[in-house]
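*Asks:* Below is a structure I'd like to ask you about.
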Amino acid sequence: MTVGTRTRHVTGAASTAVRPVLEAPRRPARVLAAFPAGVYLEVRTDLEPSVIAIITGAATRLPNSVLLAAELPHVTVGDEAAVGDGSVELGHLSLRARRWWDPAPPLGPVDLVRLAEALPRVVPHGAGLAGNSTVALLAESCASGWLLGAVSAAERLVGLGPGLTPSGDDVLAGLLVTLRHLGGAAGVERAVWLAGWLAATVTYDARTRTTPISATLLHCAARGEASPEVTDVLRAVADGLPLDPALLRLHALGHTSGADLTQGIAIGLSAVVGMGAGGGT
């Protein structure tokens with residue numbers, strides 16, 4: 001805590017994904033990155049998410065975030081913090097979650113015909129790995145149900161690209177969430193089975209293979225957890241709602257993150273449709 005500054009107690013709304021870390025015994029943390037609308041904390045823990053985002057309403061509501069209705073304290077990279085025992089201690093703030101939201105909201109039953117109709121409309125514009133041969137291998141392997149090819153491609157994509165969330169990780173995150181949610185809602189068990197294998201592949205030793213923030217988001221995606229921009233696209237696809245508004249909001253994320261996530265969604269949607277047409281098992 002900041003010496004000589006009175007502690008300000010505030011409340012916020014948190015993703016249920018961070019509940020295990022918030023309610024665990026208190027552990028030290030450090031500021032990993034600081035922006036006007038959000039601060040990323042790396043917690044010294046074996047639990048996931050090991051990175052928690054403390055955000056204001058202007059930031060993207062990531063699945064590992066706590067939203068506070070107050071200004072963020074002025075902190076810099078490397079500053080100390082603490083997380084656990086139900087609260088986050090950051091600068092002069094003591095933040096406690098009073099409300100929770102689900103970053104993996106379930107979808108109702110989905111018709112495969114509707115998914116097939118949506119497939120041509122889910123197009124990534126400006127994806128960071130557009131034309132990449134490994135992404136192509138991932139898409140082809142998922143569409144055909146070739147497990148070895150999909151796993152091999154996924155391993156090569158982890159950490160590929162610059163930034164806090166490399167493009168390869170964003171593609172994988174979009175794919176994992178799509179396979180799990182749309183595959184489950186459409187009753188395509190093989191898609192959910194594939195999601196399980198890919199989740200184990202991309203989360204294994206993720207902390208040493210990509211950035212801490214991206215590793216945490218891969219762990220979240222492996223459980224089907226994502227930002228509202230991603231889940232809104234999936235819900236529009238599943239419910240036959242207008243897709244363009246949701247896709248525009250998703251594409252607005254980051255420099256290429258939104259487009260990369262869309263590319264993963266497109267790969268996953270194609271796989272679910274293909275596997276479903278082949279019998280779903």
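Chain labels A, B, ... are given in the sequence in which chains occur in the structure tokens; within each chain residues are numbered consecutively from 1, and ligands are likewise numbered from 1 in the order shown.
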Would you mind listing what lies within 12 Å of range 162-170 of chain A as a VMD selection string, with only C-alpha atoms counted and same-chain residues fewer than 4 positions away left out?

*Replies:* chain A and resid 32 to 34 40 126 to 130 132 to 136 138 153 to 158 174 to 177 199 202 to 203 206 209 to 222 226 to 227 230 250 253 to 265

*Asks:* Among range 114-149 of chain A, which residues does DSSP mark as helix (DSSP H, G or I) when it is run on the backbone? Keep the chain and numbering as in the structure and answer as a compact mmCIF listing (two decimals) with N, CA and C atoms, in the first residue's frame.

*Replies:*
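File selection-v2.txt, as written:
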```txt
# COMPACT_ATOMS: atom_id res chain seq x y z
N ARG A 114 -28.69 -23.30 -39.00
CA ARG A 114 -28.46 -21.88 -38.69
C ARG A 114 -26.97 -21.58 -38.61
N LEU A 115 -26.19 -22.49 -38.03
CA LEU A 115 -24.75 -22.29 -37.95
C LEU A 115 -24.14 -22.25 -39.34
N ALA A 116 -24.58 -23.14 -40.20
CA ALA A 116 -24.04 -23.18 -41.57
C ALA A 116 -24.37 -21.89 -42.32
N GLU A 117 -25.55 -21.35 -42.08
CA GLU A 117 -25.94 -20.10 -42.74
C GLU A 117 -25.09 -18.93 -42.27
N ALA A 118 -24.65 -18.96 -41.01
CA ALA A 118 -23.85 -17.87 -40.46
C ALA A 118 -22.40 -17.94 -40.88
N LEU A 119 -21.93 -19.12 -41.25
CA LEU A 119 -20.50 -19.32 -41.52
C LEU A 119 -19.91 -18.35 -42.54
N PRO A 120 -20.55 -18.10 -43.68
CA PRO A 120 -19.93 -17.18 -44.66
C PRO A 120 -19.84 -15.74 -44.17
N ARG A 121 -20.57 -15.41 -43.13
CA ARG A 121 -20.61 -14.02 -42.66
C ARG A 121 -19.59 -13.73 -41.56
N SER A 133 0.55 -20.27 -42.75
CA SER A 133 0.37 -21.69 -43.07
C SER A 133 -0.04 -22.52 -41.85
N THR A 134 0.40 -22.11 -40.67
CA THR A 134 0.04 -22.86 -39.46
C THR A 134 -1.43 -22.65 -39.12
N VAL A 135 -1.93 -21.44 -39.32
CA VAL A 135 -3.36 -21.19 -39.12
C VAL A 135 -4.17 -21.99 -40.12
N ALA A 136 -3.67 -22.06 -41.36
CA ALA A 136 -4.36 -22.85 -42.37
C ALA A 136 -4.40 -24.33 -41.98
N LEU A 137 -3.28 -24.84 -41.46
CA LEU A 137 -3.24 -26.23 -41.00
C LEU A 137 -4.23 -26.45 -39.86
N LEU A 138 -4.29 -25.48 -38.94
CA LEU A 138 -5.24 -25.60 -37.82
C LEU A 138 -6.67 -25.67 -38.34
N ALA A 139 -7.01 -24.78 -39.28
CA ALA A 139 -8.37 -24.75 -39.82
C ALA A 139 -8.70 -26.05 -40.55
N GLU A 140 -7.79 -26.51 -41.40
CA GLU A 140 -8.03 -27.74 -42.16
C GLU A 140 -8.16 -28.94 -41.23
N SER A 141 -7.30 -29.00 -40.22
CA SER A 141 -7.32 -30.15 -39.30
C SER A 141 -8.59 -30.17 -38.46
N CYS A 142 -9.02 -29.01 -37.99
CA CYS A 142 -10.26 -28.95 -37.21
C CYS A 142 -11.46 -29.31 -38.06
N ALA A 143 -11.49 -28.81 -39.30
CA ALA A 143 -12.62 -29.07 -40.19
C ALA A 143 -12.75 -30.56 -40.51
N SER A 144 -11.59 -31.25 -40.62
CA SER A 144 -11.62 -32.67 -40.96
C SER A 144 -11.61 -33.57 -39.73
N LEU A 147 -7.01 -34.88 -35.34
CA LEU A 147 -6.53 -34.44 -34.03
C LEU A 147 -5.05 -34.11 -34.06
N LEU A 148 -4.23 -34.96 -34.63
CA LEU A 148 -2.78 -34.74 -34.62
C LEU A 148 -2.43 -33.43 -35.31
N GLY A 149 -3.06 -33.17 -36.46
CA GLY A 149 -2.77 -31.92 -37.17
C GLY A 149 -3.20 -30.71 -36.37
```

*Asks:* Could you check which of A:Gly108, A:Pro28, A:Gly278, A:Gly268 is closest to Asp79 in chain A, using only C-alpha atoms?

*Replies:*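 Ranking A:Gly108, A:Pro28, A:Gly278, A:Gly268 by distance to Asp79 in chain A, first place goes to A:Pro28.
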
*Asks:* DSSP on the backbone: which residues in range 52-236 of chain A end up as strand (DSSP E)? Give the answer as a short mmCIF file (atom, residue, chain, number, x, y, z; two decimals) with N, CA and C atoms, in the first residue's frame.

*Replies:*
```cif
data_model
loop_
_atom_site.label_atom_id
_atom_site.label_comp_id
_atom_site.auth_asym_id
_atom_site.auth_seq_id
_atom_site.Cartn_x
_atom_site.Cartn_y
_atom_site.Cartn_z
N ILE A 52 -4.79 -10.81 -13.07
CA ILE A 52 -6.12 -10.22 -12.87
C ILE A 52 -6.10 -8.79 -13.40
N ALA A 53 -7.12 -8.44 -14.16
CA ALA A 53 -7.24 -7.09 -14.69
C ALA A 53 -8.19 -6.28 -13.82
N ILE A 54 -7.73 -5.17 -13.32
CA ILE A 54 -8.57 -4.23 -12.57
C ILE A 54 -8.92 -3.11 -13.54
N ILE A 55 -10.20 -2.99 -13.88
CA ILE A 55 -10.59 -2.11 -15.00
C ILE A 55 -11.67 -1.12 -14.60
N SER A 65 -11.27 -10.18 -15.22
CA SER A 65 -11.25 -8.80 -14.73
C SER A 65 -12.20 -8.54 -13.57
N VAL A 66 -11.85 -7.47 -12.86
CA VAL A 66 -12.69 -6.92 -11.80
C VAL A 66 -12.99 -5.48 -12.20
N LEU A 67 -14.26 -5.14 -12.31
CA LEU A 67 -14.69 -3.81 -12.73
C LEU A 67 -15.02 -2.98 -11.50
N LEU A 68 -14.37 -1.81 -11.37
CA LEU A 68 -14.65 -0.96 -10.23
C LEU A 68 -15.28 0.34 -10.69
N GLU A 80 4.06 -3.01 -6.00
CA GLU A 80 3.55 -4.15 -5.26
C GLU A 80 2.05 -4.02 -5.01
N ALA A 81 1.40 -5.15 -4.91
CA ALA A 81 -0.03 -5.22 -4.62
C ALA A 81 -0.27 -6.52 -3.85
N ALA A 82 -1.52 -6.81 -3.55
CA ALA A 82 -1.86 -8.06 -2.86
C ALA A 82 -3.25 -8.48 -3.30
N VAL A 83 -3.45 -9.78 -3.43
CA VAL A 83 -4.73 -10.33 -3.84
C VAL A 83 -5.05 -11.53 -2.96
N GLY A 84 -6.29 -11.59 -2.47
CA GLY A 84 -6.71 -12.73 -1.67
C GLY A 84 -7.49 -12.30 -0.45
N SER A 87 -10.21 -9.67 -1.31
CA SER A 87 -9.98 -8.29 -1.75
C SER A 87 -8.71 -8.16 -2.58
N VAL A 88 -8.61 -7.00 -3.23
CA VAL A 88 -7.41 -6.62 -3.97
C VAL A 88 -6.89 -5.34 -3.36
N GLU A 89 -5.63 -5.33 -2.98
CA GLU A 89 -5.00 -4.14 -2.40
C GLU A 89 -4.07 -3.57 -3.47
N LEU A 90 -4.41 -2.40 -3.99
CA LEU A 90 -3.66 -1.79 -5.09
C LEU A 90 -3.50 -0.31 -4.83
N LEU A 93 -6.06 1.82 -2.91
CA LEU A 93 -7.37 1.19 -2.97
C LEU A 93 -7.37 -0.18 -2.29
N SER A 94 -8.48 -0.45 -1.63
CA SER A 94 -8.79 -1.80 -1.17
C SER A 94 -10.11 -2.17 -1.82
N LEU A 95 -10.03 -3.07 -2.78
CA LEU A 95 -11.17 -3.39 -3.64
C LEU A 95 -11.76 -4.74 -3.27
N ARG A 96 -13.06 -4.78 -3.08
CA ARG A 96 -13.76 -6.02 -2.76
C ARG A 96 -14.92 -6.21 -3.73
N ALA A 97 -15.02 -7.41 -4.29
CA ALA A 97 -16.10 -7.71 -5.24
C ALA A 97 -17.40 -7.94 -4.49
N ARG A 98 -18.46 -7.26 -4.91
CA ARG A 98 -19.79 -7.43 -4.33
C ARG A 98 -20.77 -8.07 -5.30
N ARG A 99 -20.46 -7.99 -6.59
CA ARG A 99 -21.31 -8.59 -7.62
C ARG A 99 -20.42 -9.40 -8.56
N TRP A 100 -21.05 -10.37 -9.23
CA TRP A 100 -20.30 -11.28 -10.09
C TRP A 100 -21.00 -11.42 -11.43
N TRP A 101 -20.24 -11.68 -12.49
CA TRP A 101 -20.83 -12.01 -13.78
C TRP A 101 -20.16 -13.28 -14.32
#
```

*Asks:* Residues at most 9 Å from His181 in chain A, counting only C-alpha atoms, excluding those fewer than 4 positions away in the same chain, as a PDB file with C-alpha atoms, in the first residue's frame?

*Replies:*
```pdb
ATOM      1  CA  ALA A 104     -19.039 -18.275 -20.025  1.00  0.00           C
ATOM      2  CA  PRO A 105     -22.812 -17.756 -20.347  1.00  0.00           C
ATOM      3  CA  PRO A 106     -24.466 -20.913 -21.746  1.00  0.00           C
ATOM      4  CA  LEU A 107     -26.225 -20.985 -25.075  1.00  0.00           C
ATOM      5  CA  LEU A 176     -11.536 -22.898 -27.992  1.00  0.00           C
ATOM      6  CA  VAL A 177     -14.529 -20.862 -26.858  1.00  0.00           C
ATOM      7  CA  ALA A 185     -25.166 -26.212 -27.837  1.00  0.00           C
ATOM      8  CA  ALA A 186     -25.431 -28.034 -31.185  1.00  0.00           C
ATOM      9  CA  VAL A 192     -16.307 -30.494 -27.439  1.00  0.00           C
ATOM     10  CA  GLY A 224     -15.073 -21.397 -22.342  1.00  0.00           C
ATOM     11  CA  LEU A 234     -21.542 -16.591 -30.576  1.00  0.00           C
TER      12      LEU A 234
END
```

*Asks:* State, in Å with one decimal place, the distance from CA of Glu23 in chain A to CA of Pro63 in chain A.

*Replies:*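 Interatomic distance, CA of Glu23 in chain A to CA of Pro63 in chain A: 16.7 Å.
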
*Asks:* What is the distance between CA of Leu62 in chain A and CA of Asp232 in chain A, in Å to one decimal?

*Replies:* 13.2 Å

*Asks:* Considering only C-alpha atoms, return as a list in words whatever protein or nucleic-acid residues lie within 8 Å of Leu72 in chain A, sequence-local ones (same chain, fewer than 3 positions apart) excluded.

*Replies:*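 Contacts, with the query itself left out: Pro36, Ala37, Gly38, Val39, Ile55 and Thr56 of chain A.
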
*Asks:* Dump N, CA and C atoms for the selected residues as an mmCIF file, in the first residue's frame?

*Replies:*
```
data_model
loop_
_atom_site.group_PDB
_atom_site.id
_atom_site.type_symbol
_atom_site.label_atom_id
_atom_site.label_comp_id
_atom_site.auth_asym_id
_atom_site.auth_seq_id
_atom_site.Cartn_x
_atom_site.Cartn_y
_atom_site.Cartn_z
ATOM 1 N N PRO A 36 -4.614 3.761 -18.739
ATOM 2 C CA PRO A 36 -5.609 4.656 -18.138
ATOM 3 C C PRO A 36 -6.889 3.946 -17.706
ATOM 4 N N ALA A 37 -7.301 2.896 -18.434
ATOM 5 C CA ALA A 37 -8.564 2.225 -18.117
ATOM 6 C C ALA A 37 -8.384 0.866 -17.474
ATOM 7 N N GLY A 38 -7.144 0.452 -17.219
ATOM 8 C CA GLY A 38 -6.960 -0.867 -16.636
ATOM 9 C C GLY A 38 -5.557 -1.102 -16.116
ATOM 10 N N VAL A 39 -5.481 -1.925 -15.078
ATOM 11 C CA VAL A 39 -4.197 -2.330 -14.498
ATOM 12 C C VAL A 39 -4.176 -3.849 -14.421
ATOM 13 N N ILE A 55 -10.203 -2.985 -13.883
ATOM 14 C CA ILE A 55 -10.588 -2.114 -14.998
ATOM 15 C C ILE A 55 -11.667 -1.117 -14.597
ATOM 16 N N THR A 56 -11.781 -0.076 -15.412
ATOM 17 C CA THR A 56 -12.903 0.856 -15.319
ATOM 18 C C THR A 56 -13.873 0.526 -16.453
#
```

*Asks:* I'd like the neighbourhood of Gly187 in chain A as a PyMOL selection string, where a residue qualifies if any of its atoms comes within 10 Å (using only C-alpha atoms), though same-chain residues fewer than 2 positions away should be ignored.

*Replies:* chain A and resi 109-112+181-185+189-192+272+276+279-281

*Asks:* Using Å and a single decimal, report how far CA of Pro73 in chain A sits from CA of Glu225 in chain A.

*Replies:*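 CA of Glu225 in chain A sits 27.5 Å away from CA of Pro73 in chain A.
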
*Asks:* Measuring atom to atom with only C-alpha atoms, identify which of A:Leu41, A:Leu172, A:Ala236, A:Ala24 is nearest to Ala150 in chain A.

*Replies:*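 Residue with the minimum atom-to-atom distance to Ala150 in chain A: A:Leu172.
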
*Asks:* List the neighbours of Glu48 in chain A out to 9 Å using only C-alpha atoms; skip same-chain residues closer than 2 positions along the sequence, and give me the result as a ChimeraX atom specification.

*Replies:* /A:17-18,20-21,45-46,50-51,216,219-220

*Asks:* Keeping N, CA and C atoms, export the residues of the selection given above as a PDB file, in the first residue's frame.

*Replies:*
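To be explicit, this is the file written out as result23.pdb:
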```pdb
ATOM      1  N   ALA A  17     -14.603 -16.116 -12.947  1.00  0.00           N
ATOM      2  CA  ALA A  17     -13.340 -16.806 -13.210  1.00  0.00           C
ATOM      3  C   ALA A  17     -12.269 -16.453 -12.188  1.00  0.00           C
ATOM      4  N   VAL A  18     -12.320 -15.236 -11.626  1.00  0.00           N
ATOM      5  CA  VAL A  18     -11.281 -14.819 -10.679  1.00  0.00           C
ATOM      6  C   VAL A  18     -11.652 -15.127  -9.240  1.00  0.00           C
ATOM      7  N   PRO A  20     -11.847 -17.928  -7.439  1.00  0.00           N
ATOM      8  CA  PRO A  20     -10.927 -18.767  -6.658  1.00  0.00           C
ATOM      9  C   PRO A  20      -9.680 -18.030  -6.189  1.00  0.00           C
ATOM     10  N   VAL A  21      -9.149 -17.139  -7.032  1.00  0.00           N
ATOM     11  CA  VAL A  21      -7.943 -16.405  -6.657  1.00  0.00           C
ATOM     12  C   VAL A  21      -8.268 -15.339  -5.621  1.00  0.00           C
ATOM     13  N   THR A  45       0.857 -17.151  -7.599  1.00  0.00           N
ATOM     14  CA  THR A  45      -0.022 -18.269  -7.270  1.00  0.00           C
ATOM     15  C   THR A  45       0.067 -19.322  -8.356  1.00  0.00           C
ATOM     16  N   ASP A  46      -0.255 -20.552  -7.991  1.00  0.00           N
ATOM     17  CA  ASP A  46      -0.346 -21.628  -8.972  1.00  0.00           C
ATOM     18  C   ASP A  46      -1.742 -21.703  -9.572  1.00  0.00           C
ATOM     19  N   SER A  50      -3.774 -16.308 -13.099  1.00  0.00           N
ATOM     20  CA  SER A  50      -2.694 -15.733 -12.298  1.00  0.00           C
ATOM     21  C   SER A  50      -2.517 -14.251 -12.592  1.00  0.00           C
ATOM     22  N   VAL A  51      -3.144 -13.770 -13.655  1.00  0.00           N
ATOM     23  CA  VAL A  51      -3.159 -12.336 -13.960  1.00  0.00           C
ATOM     24  C   VAL A  51      -4.598 -11.850 -13.849  1.00  0.00           C
ATOM     25  N   THR A 216      -2.915 -16.408 -19.197  1.00  0.00           N
ATOM     26  CA  THR A 216      -4.133 -16.414 -18.390  1.00  0.00           C
ATOM     27  C   THR A 216      -5.375 -16.461 -19.273  1.00  0.00           C
ATOM     28  N   HIS A 219      -5.983 -19.903 -20.551  1.00  0.00           N
ATOM     29  CA  HIS A 219      -6.600 -20.741 -19.516  1.00  0.00           C
ATOM     30  C   HIS A 219      -8.092 -20.437 -19.406  1.00  0.00           C
ATOM     31  N   CYS A 220      -8.450 -19.168 -19.494  1.00  0.00           N
ATOM     32  CA  CYS A 220      -9.868 -18.796 -19.449  1.00  0.00           C
ATOM     33  C   CYS A 220     -10.608 -19.382 -20.655  1.00  0.00           C
TER      34      CYS A 220
END
```
